file model_14.pdb (PDB, C-alpha atoms)
ATOM      1  CA  MET A   1     -10.637  35.114 -44.457
ATOM      2  CA  THR A   2      -7.520  32.986 -44.206
ATOM      3  CA  ASP A   3      -6.613  31.174 -40.989
ATOM      4  CA  TYR A   4      -2.962  31.775 -40.085
ATOM      5  CA  THR A   5      -2.696  29.479 -37.049
ATOM      6  CA  PRO A   6       0.497  27.469 -37.170
ATOM      7  CA  ALA A   7       0.436  23.689 -37.046
ATOM      8  CA  LYS A   8       0.762  22.223 -33.561
ATOM      9  CA  ARG A   9       4.246  21.084 -32.734
ATOM     10  CA  LYS A  10       5.125  18.349 -30.312
ATOM     11  CA  ILE A  11       6.593  19.676 -27.110
ATOM     12  CA  GLY A  12       9.968  18.368 -25.972
ATOM     13  CA  ARG A  13      12.907  16.756 -27.649
ATOM     14  CA  PRO A  14      12.060  13.762 -29.843
ATOM     15  CA  GLY A  15      13.176  10.354 -28.572
ATOM     16  CA  ARG A  16      16.308   9.483 -30.474
ATOM     17  CA  TYR A  17      16.460   5.712 -30.473
ATOM     18  CA  SER A  18      19.783   4.277 -31.450
ATOM     19  CA  PRO A  19      21.045   0.765 -30.824
ATOM     20  CA  GLY A  20      24.270   2.112 -29.306
ATOM     21  CA  LEU A  21      22.478   4.309 -26.775
ATOM     22  CA  ALA A  22      19.983   1.538 -26.007
ATOM     23  CA  GLY A  23      22.857  -0.892 -25.404
ATOM     24  CA  ALA A  24      24.602   1.563 -23.052
ATOM     25  CA  ILE A  25      21.425   2.019 -21.024
ATOM     26  CA  CYS A  26      20.803  -1.726 -20.799
ATOM     27  CA  LYS A  27      24.441  -2.329 -19.819
ATOM     28  CA  ALA A  28      24.143   0.201 -16.976
ATOM     29  CA  ILE A  29      20.891  -1.391 -15.787
ATOM     30  CA  ALA A  30      22.453  -4.865 -15.900
ATOM     31  CA  ALA A  31      25.328  -3.513 -13.777
ATOM     32  CA  GLY A  32      22.852  -2.653 -11.017
ATOM     33  CA  GLN A  33      21.802   0.926 -11.755
ATOM     34  CA  SER A  34      18.185   1.998 -11.665
ATOM     35  CA  VAL A  35      16.526   3.029 -14.913
ATOM     36  CA  ARG A  36      16.618   6.671 -13.842
ATOM     37  CA  GLN A  37      20.333   6.492 -12.979
ATOM     38  CA  ALA A  38      21.178   4.803 -16.283
ATOM     39  CA  CYS A  39      19.168   7.366 -18.229
ATOM     40  CA  ALA A  40      20.697  10.342 -16.398
ATOM     41  CA  ALA A  41      24.197   8.995 -17.047
ATOM     42  CA  ASN A  42      23.394   8.772 -20.769
ATOM     43  CA  GLY A  43      21.582  12.119 -21.030
ATOM     44  CA  ILE A  44      18.111  10.852 -21.828
ATOM     45  CA  SER A  45      14.768  10.922 -20.069
ATOM     46  CA  TRP A  46      13.537   7.726 -18.410
ATOM     47  CA  THR A  47      10.095   8.297 -19.966
ATOM     48  CA  THR A  48      11.684   8.154 -23.403
ATOM     49  CA  VAL A  49      13.297   4.825 -22.550
ATOM     50  CA  TYR A  50       9.948   3.369 -21.458
ATOM     51  CA  GLY A  51       8.521   4.644 -24.745
ATOM     52  CA  TRP A  52      11.203   2.653 -26.535
ATOM     53  CA  VAL A  53      10.147  -0.445 -24.595
ATOM     54  CA  ASP A  54       6.655  -0.040 -26.072
ATOM     55  CA  LYS A  55       7.782   0.786 -29.625
ATOM     56  CA  GLU A  56      11.002  -1.168 -30.192
ATOM     57  CA  PRO A  57      10.641  -4.969 -29.773
ATOM     58  CA  GLU A  58      14.382  -5.660 -29.822
ATOM     59  CA  PHE A  59      14.967  -3.014 -27.137
ATOM     60  CA  ALA A  60      12.124  -4.430 -25.041
ATOM     61  CA  LYS A  61      13.893  -7.810 -25.067
ATOM     62  CA  LEU A  62      17.269  -6.274 -24.138
ATOM     63  CA  PHE A  63      15.612  -4.185 -21.419
ATOM     64  CA  ALA A  64      13.930  -7.248 -19.850
ATOM     65  CA  GLU A  65      17.226  -9.180 -19.907
ATOM     66  CA  ALA A  66      19.028  -6.223 -18.299
ATOM     67  CA  GLN A  67      16.444  -6.106 -15.518
ATOM     68  CA  LEU A  68      16.930  -9.813 -14.835
ATOM     69  CA  ALA A  69      20.696  -9.308 -14.724
ATOM     70  CA  ARG A  70      20.197  -6.402 -12.313
ATOM     71  CA  THR A  71      18.339  -8.816 -10.030
ATOM     72  CA  GLU A  72      21.518 -10.893  -9.798
ATOM     73  CA  CYS A  73      23.455  -7.739  -8.884
ATOM     74  CA  TRP A  74      20.986  -7.127  -6.061
ATOM     75  CA  ALA A  75      21.616 -10.664  -4.810
ATOM     76  CA  GLU A  76      25.350  -9.900  -4.700
ATOM     77  CA  GLU A  77      24.644  -6.619  -2.905
ATOM     78  CA  LEU A  78      22.637  -8.511  -0.285
ATOM     79  CA  LEU A  79      25.746 -10.539   0.542
ATOM     80  CA  GLU A  80      27.867  -7.382   0.742
ATOM     81  CA  ILE A  81      25.361  -5.651   3.028
ATOM     82  CA  ALA A  82      25.145  -8.678   5.316
ATOM     83  CA  ASP A  83      28.917  -9.183   5.475
ATOM     84  CA  ASN A  84      29.822  -5.522   6.079
ATOM     85  CA  SER A  85      29.849  -4.927   9.823
ATOM     86  CA  ALA A  86      32.162  -1.907   9.826
ATOM     87  CA  ALA A  87      29.504   0.563  11.002
ATOM     88  CA  ASP A  88      27.640  -1.784  13.354
ATOM     89  CA  VAL A  89      29.621  -0.749  16.440
ATOM     90  CA  LEU A  90      30.617   2.751  17.544
ATOM     91  CA  GLU A  91      33.247   3.521  20.124
ATOM     92  CA  TYR A  92      32.678   6.175  22.737
ATOM     93  CA  GLU A  93      34.655   7.431  25.656
ATOM     94  CA  GLY A  94      33.058   6.860  29.012
ATOM     95  CA  SER A  95      33.178   9.266  31.956
ATOM     96  CA  ASP A  96      36.058   7.259  33.393
ATOM     97  CA  GLY A  97      38.138   7.775  30.245
ATOM     98  CA  HIS A  98      37.841   4.225  28.931
ATOM     99  CA  ILE A  99      36.753   3.658  25.337
ATOM    100  CA  ARG A 100      33.724   1.400  25.150
ATOM    101  CA  PRO A 101      31.898  -0.158  22.211
ATOM    102  CA  MET A 102      28.268   0.757  21.626
ATOM    103  CA  PRO A 103      25.936  -0.792  19.047
ATOM    104  CA  ASN A 104      25.044   1.500  16.168
ATOM    105  CA  ASN A 105      21.344   0.671  15.884
ATOM    106  CA  ALA A 106      20.750   3.222  13.131
ATOM    107  CA  ALA A 107      23.286   1.552  10.830
ATOM    108  CA  VAL A 108      21.892  -1.904  11.580
ATOM    109  CA  GLN A 109      18.321  -0.773  10.834
ATOM    110  CA  ARG A 110      19.471   0.981   7.649
ATOM    111  CA  ASP A 111      21.162  -2.210   6.444
ATOM    112  CA  ARG A 112      18.020  -4.179   7.272
ATOM    113  CA  LEU A 113      15.934  -1.737   5.219
ATOM    114  CA  ARG A 114      18.363  -1.944   2.294
ATOM    115  CA  SER A 115      18.249  -5.750   2.399
ATOM    116  CA  GLU A 116      14.463  -5.976   2.664
ATOM    117  CA  ASN A 117      13.962  -3.546  -0.235
ATOM    118  CA  ARG A 118      16.288  -5.519  -2.472
ATOM    119  CA  LYS A 119      14.667  -8.841  -1.559
ATOM    120  CA  TRP A 120      11.196  -7.429  -2.267
ATOM    121  CA  LEU A 121      12.274  -6.016  -5.627
ATOM    122  CA  MET A 122      14.019  -9.275  -6.529
ATOM    123  CA  GLY A 123      10.800 -11.168  -5.838
ATOM    124  CA  LYS A 124       8.834  -8.798  -8.066
ATOM    125  CA  HIS A 125      11.329  -8.654 -10.946
ATOM    126  CA  HIS A 126      12.211 -12.355 -10.979
ATOM    127  CA  PRO A 127       9.368 -14.213  -9.199
ATOM    128  CA  GLN A 128      10.314 -17.638 -10.586
ATOM    129  CA  LYS A 129      13.679 -17.522  -8.829
ATOM    130  CA  TYR A 130      13.237 -15.111  -5.916
ATOM    131  CA  GLY A 131       9.466 -14.930  -5.432
ATOM    132  CA  ASN A 132       7.462 -16.091  -2.460
ATOM    133  CA  THR A 133       7.006 -19.842  -2.639
ATOM    134  CA  ASP A 134       4.205 -20.147  -0.083
ATOM    135  CA  ARG A 135       1.349 -21.877  -1.836
ATOM    136  CA  LEU A 136      -1.255 -24.514  -1.185
ATOM    137  CA  GLU A 137      -1.422 -27.502  -3.476
ATOM    138  CA  LEU A 138      -4.232 -30.027  -3.431
ATOM    139  CA  THR A 139      -3.402 -33.507  -4.626
ATOM    140  CA  GLY A 140      -5.149 -36.810  -4.939
ATOM    141  CA  ALA A 141      -4.115 -40.213  -3.618
ATOM    142  CA  GLY A 142      -0.350 -40.766  -3.491
ATOM    143  CA  GLY A 143       0.369 -37.164  -4.490
ATOM    144  CA  GLY A 144      -1.287 -37.632  -7.877
ATOM    145  CA  PRO A 145      -3.940 -35.468  -9.481
ATOM    146  CA  ILE A 146      -7.379 -35.059  -7.996
ATOM    147  CA  LEU A 147      -9.775 -37.346  -9.808
ATOM    148  CA  LEU A 148     -12.850 -35.288 -10.488
ATOM    149  CA  ALA A 149     -14.413 -38.168 -12.374
ATOM    150  CA  ALA A 150     -14.756 -40.149  -9.122
ATOM    151  CA  ILE A 151     -16.515 -37.242  -7.416
ATOM    152  CA  ALA A 152     -18.873 -36.809 -10.363
ATOM    153  CA  THR A 153     -19.607 -40.561 -10.440
ATOM    154  CA  VAL A 154     -20.632 -40.549  -6.774
ATOM    155  CA  ALA A 155     -22.863 -37.512  -7.321
ATOM    156  CA  VAL A 156     -24.533 -39.087 -10.374
ATOM    157  CA  GLU A 157     -25.052 -42.369  -8.505
ATOM    158  CA  HIS A 158     -26.674 -40.498  -5.636
ATOM    159  CA  LEU A 159     -28.987 -38.619  -7.994
ATOM    160  CA  GLN A 160     -30.010 -41.837  -9.776
ATOM    161  CA  VAL A 161     -30.899 -43.552  -6.509
ATOM    162  CA  GLU A 162     -32.915 -40.561  -5.333
ATOM    163  CA  ARG A 163     -34.723 -40.325  -8.669
ATOM    164  CA  ALA A 164     -35.565 -44.040  -8.622
ATOM    165  CA  TYR A 165     -36.906 -43.777  -5.085
ATOM    166  CA  ALA A 166     -38.995 -40.705  -5.903
ATOM    167  CA  MET A 167     -40.417 -42.274  -9.053
ATOM    168  CA  LYS A 168     -41.314 -45.512  -7.217
ATOM    169  CA  ASP A 169     -43.665 -43.841  -4.779
ATOM    170  CA  GLY A 170     -44.458 -40.689  -6.715
ATOM    171  CA  GLN A 171     -43.412 -38.671  -3.681
ATOM    172  CA  ALA A 172     -40.798 -36.073  -2.937
ATOM    173  CA  VAL A 173     -37.413 -37.315  -1.780
ATOM    174  CA  ASP A 174     -36.960 -37.294   1.985
ATOM    175  CA  ASP A 175     -33.351 -37.871   3.044
ATOM    176  CA  ALA A 176     -34.296 -37.976   6.748
ATOM    177  CA  GLY A 177     -36.738 -40.866   6.397
ATOM    178  CA  ASP A 178     -35.771 -44.437   7.232
ATOM    179  CA  ASP A 179     -37.854 -46.496   4.795
ATOM    180  CA  GLU A 180     -36.904 -50.143   4.716
ATOM    181  CA  ASP A 181     -37.509 -50.538   0.992
ATOM    182  CA  ARG A 182     -35.443 -47.521   0.013
ATOM    183  CA  PRO A 183     -32.449 -48.450  -2.207
ATOM    184  CA  LYS A 184     -29.131 -48.332  -0.378
ATOM    185  CA  LEU A 185     -26.300 -46.095  -1.574
ATOM    186  CA  THR A 186     -22.794 -47.432  -1.955
ATOM    187  CA  HIS A 187     -21.611 -43.996  -0.817
ATOM    188  CA  THR A 188     -23.191 -42.022   2.008
ATOM    189  CA  PRO A 189     -23.509 -38.441   0.852
ATOM    190  CA  THR A 190     -22.146 -35.694   3.087
ATOM    191  CA  PRO A 191     -24.362 -32.686   3.900
ATOM    192  CA  THR A 192     -22.684 -30.684   1.119
ATOM    193  CA  GLU A 193     -23.480 -33.386  -1.446
ATOM    194  CA  ARG A 194     -27.205 -33.488  -0.584
TER     195      ARG A 194
END

call {"tool": "encode", "arguments": {"input": "model_14.pdb", "output": "structure tokens"}}
result
Amino acid sequence: MTDYTPAKRKIGRPGRYSPGLAGAICKAIAAGQSVRQACAANGISWTTVYGWVDKEPEFAKLFAEAQLARTECWAEELLEIADNSAADVLEYEGSDGHIRPMPNNAAVQRDRLRSENRKWLMGKHHPQKYGNTDRLELTGAGGGPILLAAIATVAVEHLQVERAYAMKDGQAVDDAGDDEDRPKLTHTPTPTER
């Protein structure tokens, strides 16, 4: 008996990569649009574009550069949001007929949300320039590197003195004892070094 099942076809339209379309999408992203907006404007699915990022090395490079350029657009938008105070105050007519200003808290909070979202995204997309710079750095003397060799030397010296003391009497080492003939350390070990 012959099997007449047709071959499986891929569902959906195939991704049609072209340098011209890829350039238009990257140009729209660099101008500040989201990936979804840029794709919708060019009639292509955003999932297809992310597939191109995985499969086309030259597009991946252009896409990354466009995202960095978009970060600069967000920085410009932050200035525009902060400088635009047109909707911050509403005017209303009081019961006495006088027009009075009233703060528009909703507009102020909306602008704050827009600013915070852009700053967060900028920090994630371009952490070297806009990322959080809170960090703890440990340095040695004079701001130089920490000298681990000095720490290791002190630890080795301590171990050698303890070994010599233990071998002299054939007993276990007792740090709490105050024997007169016990060799003296040039460095007093802290509890964590014992």

call {"tool": "closest_residue", "arguments": {"input": "model_14.pdb", "among": "A:Ala152, A:Ala60, A:Ala66, A:Ile44", "to": "A:Lys27", "atoms": "all atoms listed in the file"}}
result
A:Ala66

call {"tool": "residues_near_point", "arguments": {"input": "model_14.pdb", "point": "(13.4, -9.4, -0.1)", "cutoff": "12 Å", "atoms": "all atoms listed in the file", "output": "PyMOL selection string"}}
result
chain A and resi 71+74-75+77-78+112-127+129-132

call {"tool": "residues_around", "arguments": {"input": "model_14.pdb", "residues": "A:Glu58", "least_positions_apart": "3", "cutoff": "12 Å", "atoms": "only C-alpha atoms", "output": "list in words"}}
result
Tyr17, Ser18, Pro19, Ala22, Gly23, Cys26, Trp52, Val53, Asp54, Lys55, Lys61, Leu62, Phe63, Ala64 and Glu65 of chain A

call {"tool": "closest_residue", "arguments": {"input": "model_14.pdb", "among": "A:Glu157, A:Glu72, A:Asp88, A:Glu56", "to": "A:Gly32", "atoms": "all atoms listed in the file"}}
result
A:Glu72

call {"tool": "closest_residue", "arguments": {"input": "model_14.pdb", "among": "A:Ser34, A:Thr153, A:Gln160, A:Ser95", "to": "A:Arg70", "atoms": "all atoms listed in the file"}}
result
A:Ser34

call {"tool": "closest_residue", "arguments": {"input": "model_14.pdb", "among": "A:Gly142, A:Asn105, A:Ala69, A:Val154", "to": "A:Ala30", "atoms": "all atoms listed in the file"}}
result
A:Ala69

call {"tool": "axis_aligned_box", "arguments": {"input": "model_14.pdb", "around": "stretch 70-84 of chain A", "padding_each_side": "4 Å", "output": "JSON"}}
result
{"center_x": 24.1, "center_y": -8.2, "center_z": -3.1, "size_x": 19.5, "size_y": 13.4, "size_z": 26.4}

call {"tool": "closest_residue", "arguments": {"input": "model_14.pdb", "among": "A:Asp111, A:Tyr92, A:Gly20, A:Arg100", "to": "A:Glu80", "atoms": "only C-alpha atoms"}}
result
A:Asp111

call {"tool": "resolve_selection", "arguments": {"input": "model_14.pdb", "expression": "the PyMOL selection byres ((chain A and resi 101) around 9)", "output": "list in words"}}
result
Val89, Leu90, Glu91, Tyr92, Glu93, Ile99, Arg100, Met102 and Pro103 of chain A

call {"tool": "atom_distance", "arguments": {"input": "model_14.pdb", "atom1": "atom CA of A:Phe59", "atom2": "atom CA of A:Ala40"}}
result
18.1 Å

call {"tool": "atom_distance", "arguments": {"input": "model_14.pdb", "atom1": "atom CA of A:Thr133", "atom2": "atom CA of A:Gln109"}}
result
25.9 Å

call {"tool": "atom_distance", "arguments": {"input": "model_14.pdb", "atom1": "atom CA of A:Ala87", "atom2": "atom CA of A:Arg36"}}
result
28.6 Å

call {"tool": "decode", "arguments": {"input": "model_14.pdb", "residues": "stretch 60-107 of chain A", "atoms": "N, CA and C atoms", "output": "PDB file, in the first residue's frame"}}
result
ATOM      1  N   ALA A  60      22.993  41.553  12.459  1.00  0.00           N
ATOM      2  CA  ALA A  60      23.131  41.594  13.920  1.00  0.00           C
ATOM      3  C   ALA A  60      23.970  42.799  14.341  1.00  0.00           C
ATOM      4  N   LYS A  61      25.019  43.090  13.586  1.00  0.00           N
ATOM      5  CA  LYS A  61      25.872  44.246  13.896  1.00  0.00           C
ATOM      6  C   LYS A  61      25.108  45.551  13.682  1.00  0.00           C
ATOM      7  N   LEU A  62      24.399  45.672  12.563  1.00  0.00           N
ATOM      8  CA  LEU A  62      23.596  46.869  12.296  1.00  0.00           C
ATOM      9  C   LEU A  62      22.502  47.056  13.347  1.00  0.00           C
ATOM     10  N   PHE A  63      21.879  45.955  13.745  1.00  0.00           N
ATOM     11  CA  PHE A  63      20.803  45.984  14.730  1.00  0.00           C
ATOM     12  C   PHE A  63      21.326  46.478  16.080  1.00  0.00           C
ATOM     13  N   ALA A  64      22.491  45.990  16.501  1.00  0.00           N
ATOM     14  CA  ALA A  64      23.085  46.419  17.775  1.00  0.00           C
ATOM     15  C   ALA A  64      23.451  47.907  17.727  1.00  0.00           C
ATOM     16  N   GLU A  65      23.990  48.364  16.601  1.00  0.00           N
ATOM     17  CA  GLU A  65      24.327  49.784  16.457  1.00  0.00           C
ATOM     18  C   GLU A  65      23.072  50.651  16.477  1.00  0.00           C
ATOM     19  N   ALA A  66      21.992  50.163  15.858  1.00  0.00           N
ATOM     20  CA  ALA A  66      20.730  50.913  15.850  1.00  0.00           C
ATOM     21  C   ALA A  66      20.164  51.022  17.262  1.00  0.00           C
ATOM     22  N   GLN A  67      20.292  49.960  18.048  1.00  0.00           N
ATOM     23  CA  GLN A  67      19.798  50.010  19.419  1.00  0.00           C
ATOM     24  C   GLN A  67      20.605  50.996  20.266  1.00  0.00           C
ATOM     25  N   LEU A  68      21.905  51.061  20.043  1.00  0.00           N
ATOM     26  CA  LEU A  68      22.713  52.051  20.755  1.00  0.00           C
ATOM     27  C   LEU A  68      22.332  53.478  20.347  1.00  0.00           C
ATOM     28  N   ALA A  69      22.069  53.669  19.072  1.00  0.00           N
ATOM     29  CA  ALA A  69      21.649  54.995  18.600  1.00  0.00           C
ATOM     30  C   ALA A  69      20.284  55.360  19.175  1.00  0.00           C
ATOM     31  N   ARG A  70      19.408  54.373  19.320  1.00  0.00           N
ATOM     32  CA  ARG A  70      18.093  54.623  19.912  1.00  0.00           C
ATOM     33  C   ARG A  70      18.250  55.082  21.362  1.00  0.00           C
ATOM     34  N   THR A  71      19.263  54.579  22.048  1.00  0.00           N
ATOM     35  CA  THR A  71      19.513  55.003  23.424  1.00  0.00           C
ATOM     36  C   THR A  71      19.796  56.498  23.476  1.00  0.00           C
ATOM     37  N   GLU A  72      20.513  57.016  22.493  1.00  0.00           N
ATOM     38  CA  GLU A  72      20.775  58.454  22.437  1.00  0.00           C
ATOM     39  C   GLU A  72      19.492  59.236  22.166  1.00  0.00           C
ATOM     40  N   CYS A  73      18.591  58.666  21.381  1.00  0.00           N
ATOM     41  CA  CYS A  73      17.287  59.310  21.157  1.00  0.00           C
ATOM     42  C   CYS A  73      16.503  59.380  22.460  1.00  0.00           C
ATOM     43  N   TRP A  74      16.567  58.326  23.254  1.00  0.00           N
ATOM     44  CA  TRP A  74      15.881  58.341  24.552  1.00  0.00           C
ATOM     45  C   TRP A  74      16.455  59.426  25.452  1.00  0.00           C
ATOM     46  N   ALA A  75      17.765  59.632  25.399  1.00  0.00           N
ATOM     47  CA  ALA A  75      18.374  60.693  26.201  1.00  0.00           C
ATOM     48  C   ALA A  75      17.827  62.062  25.776  1.00  0.00           C
ATOM     49  N   GLU A  76      17.672  62.267  24.483  1.00  0.00           N
ATOM     50  CA  GLU A  76      17.087  63.519  23.988  1.00  0.00           C
ATOM     51  C   GLU A  76      15.635  63.646  24.436  1.00  0.00           C
ATOM     52  N   GLU A  77      14.893  62.536  24.393  1.00  0.00           N
ATOM     53  CA  GLU A  77      13.499  62.565  24.827  1.00  0.00           C
ATOM     54  C   GLU A  77      13.385  62.902  26.310  1.00  0.00           C
ATOM     55  N   LEU A  78      14.340  62.450  27.110  1.00  0.00           N
ATOM     56  CA  LEU A  78      14.332  62.785  28.533  1.00  0.00           C
ATOM     57  C   LEU A  78      14.387  64.298  28.725  1.00  0.00           C
ATOM     58  N   LEU A  79      15.220  64.968  27.945  1.00  0.00           N
ATOM     59  CA  LEU A  79      15.300  66.430  28.035  1.00  0.00           C
ATOM     60  C   LEU A  79      13.982  67.074  27.618  1.00  0.00           C
ATOM     61  N   GLU A  80      13.369  66.557  26.558  1.00  0.00           N
ATOM     62  CA  GLU A  80      12.093  67.114  26.095  1.00  0.00           C
ATOM     63  C   GLU A  80      10.998  66.909  27.134  1.00  0.00           C
ATOM     64  N   ILE A  81      10.949  65.742  27.745  1.00  0.00           N
ATOM     65  CA  ILE A  81       9.936  65.469  28.768  1.00  0.00           C
ATOM     66  C   ILE A  81      10.121  66.405  29.961  1.00  0.00           C
ATOM     67  N   ALA A  82      11.373  66.565  30.390  1.00  0.00           N
ATOM     68  CA  ALA A  82      11.651  67.413  31.548  1.00  0.00           C
ATOM     69  C   ALA A  82      11.365  68.886  31.262  1.00  0.00           C
ATOM     70  N   ASP A  83      11.630  69.334  30.054  1.00  0.00           N
ATOM     71  CA  ASP A  83      11.461  70.749  29.719  1.00  0.00           C
ATOM     72  C   ASP A  83      10.021  71.121  29.355  1.00  0.00           C
ATOM     73  N   ASN A  84       9.187  70.153  29.036  1.00  0.00           N
ATOM     74  CA  ASN A  84       7.815  70.440  28.624  1.00  0.00           C
ATOM     75  C   ASN A  84       6.920  70.530  29.863  1.00  0.00           C
ATOM     76  N   SER A  85       6.512  71.735  30.186  1.00  0.00           N
ATOM     77  CA  SER A  85       5.645  71.930  31.353  1.00  0.00           C
ATOM     78  C   SER A  85       4.253  72.402  30.950  1.00  0.00           C
ATOM     79  N   ALA A  86       3.890  72.222  29.703  1.00  0.00           N
ATOM     80  CA  ALA A  86       2.619  72.732  29.192  1.00  0.00           C
ATOM     81  C   ALA A  86       1.415  72.125  29.914  1.00  0.00           C
ATOM     82  N   ALA A  87       1.468  70.854  30.258  1.00  0.00           N
ATOM     83  CA  ALA A  87       0.314  70.198  30.871  1.00  0.00           C
ATOM     84  C   ALA A  87       0.435  70.080  32.388  1.00  0.00           C
ATOM     85  N   ASP A  88       1.428  70.717  32.978  1.00  0.00           N
ATOM     86  CA  ASP A  88       1.647  70.579  34.420  1.00  0.00           C
ATOM     87  C   ASP A  88       0.642  71.360  35.262  1.00  0.00           C
ATOM     88  N   VAL A  89       0.034  72.380  34.683  1.00  0.00           N
ATOM     89  CA  VAL A  89      -0.919  73.211  35.421  1.00  0.00           C
ATOM     90  C   VAL A  89      -2.212  73.315  34.621  1.00  0.00           C
ATOM     91  N   LEU A  90      -3.333  73.101  35.316  1.00  0.00           N
ATOM     92  CA  LEU A  90      -4.655  73.259  34.712  1.00  0.00           C
ATOM     93  C   LEU A  90      -5.291  74.516  35.297  1.00  0.00           C
ATOM     94  N   GLU A  91      -6.150  75.131  34.529  1.00  0.00           N
ATOM     95  CA  GLU A  91      -6.863  76.290  35.035  1.00  0.00           C
ATOM     96  C   GLU A  91      -8.320  75.896  35.237  1.00  0.00           C
ATOM     97  N   TYR A  92      -8.872  76.319  36.352  1.00  0.00           N
ATOM     98  CA  TYR A  92     -10.273  76.042  36.617  1.00  0.00           C
ATOM     99  C   TYR A  92     -10.933  77.304  37.153  1.00  0.00           C
ATOM    100  N   GLU A  93     -12.216  77.345  36.978  1.00  0.00           N
ATOM    101  CA  GLU A  93     -12.963  78.517  37.426  1.00  0.00           C
ATOM    102  C   GLU A  93     -13.528  78.224  38.801  1.00  0.00           C
ATOM    103  N   GLY A  94     -13.202  79.079  39.732  1.00  0.00           N
ATOM    104  CA  GLY A  94     -13.684  78.926  41.093  1.00  0.00           C
ATOM    105  C   GLY A  94     -15.137  79.348  41.218  1.00  0.00           C
ATOM    106  N   SER A  95     -15.724  79.129  42.382  1.00  0.00           N
ATOM    107  CA  SER A  95     -17.123  79.480  42.622  1.00  0.00           C
ATOM    108  C   SER A  95     -17.353  80.988  42.572  1.00  0.00           C
ATOM    109  N   ASP A  96     -16.283  81.749  42.773  1.00  0.00           N
ATOM    110  CA  ASP A  96     -16.406  83.203  42.720  1.00  0.00           C
ATOM    111  C   ASP A  96     -16.197  83.762  41.316  1.00  0.00           C
ATOM    112  N   GLY A  97     -15.959  82.870  40.342  1.00  0.00           N
ATOM    113  CA  GLY A  97     -15.799  83.302  38.962  1.00  0.00           C
ATOM    114  C   GLY A  97     -14.372  83.570  38.535  1.00  0.00           C
ATOM    115  N   HIS A  98     -13.438  83.523  39.468  1.00  0.00           N
ATOM    116  CA  HIS A  98     -12.033  83.749  39.132  1.00  0.00           C
ATOM    117  C   HIS A  98     -11.407  82.451  38.604  1.00  0.00           C
ATOM    118  N   ILE A  99     -10.511  82.605  37.649  1.00  0.00           N
ATOM    119  CA  ILE A  99      -9.794  81.449  37.103  1.00  0.00           C
ATOM    120  C   ILE A  99      -8.532  81.245  37.931  1.00  0.00           C
ATOM    121  N   ARG A 100      -8.385  80.017  38.421  1.00  0.00           N
ATOM    122  CA  ARG A 100      -7.254  79.704  39.298  1.00  0.00           C
ATOM    123  C   ARG A 100      -6.444  78.540  38.702  1.00  0.00           C
ATOM    124  N   PRO A 101      -5.132  78.593  38.932  1.00  0.00           N
ATOM    125  CA  PRO A 101      -4.312  77.453  38.477  1.00  0.00           C
ATOM    126  C   PRO A 101      -4.397  76.300  39.483  1.00  0.00           C
ATOM    127  N   MET A 102      -4.305  75.096  38.947  1.00  0.00           N
ATOM    128  CA  MET A 102      -4.320  73.893  39.776  1.00  0.00           C
ATOM    129  C   MET A 102      -3.295  72.914  39.197  1.00  0.00           C
ATOM    130  N   PRO A 103      -2.457  72.330  40.060  1.00  0.00           N
ATOM    131  CA  PRO A 103      -1.468  71.388  39.514  1.00  0.00           C
ATOM    132  C   PRO A 103      -2.144  70.161  38.902  1.00  0.00           C
ATOM    133  N   ASN A 104      -1.602  69.727  37.784  1.00  0.00           N
ATOM    134  CA  ASN A 104      -2.105  68.537  37.104  1.00  0.00           C
ATOM    135  C   ASN A 104      -1.212  67.368  37.524  1.00  0.00           C
ATOM    136  N   ASN A 105      -1.516  66.763  38.639  1.00  0.00           N
ATOM    137  CA  ASN A 105      -0.689  65.686  39.181  1.00  0.00           C
ATOM    138  C   ASN A 105      -0.607  64.471  38.265  1.00  0.00           C
ATOM    139  N   ALA A 106      -1.666  64.202  37.530  1.00  0.00           N
ATOM    140  CA  ALA A 106      -1.656  63.042  36.629  1.00  0.00           C
ATOM    141  C   ALA A 106      -0.610  63.225  35.526  1.00  0.00           C
ATOM    142  N   ALA A 107      -0.534  64.419  34.978  1.00  0.00           N
ATOM    143  CA  ALA A 107       0.449  64.683  33.910  1.00  0.00           C
ATOM    144  C   ALA A 107       1.870  64.620  34.458  1.00  0.00           C
TER     145      ALA A 107
END
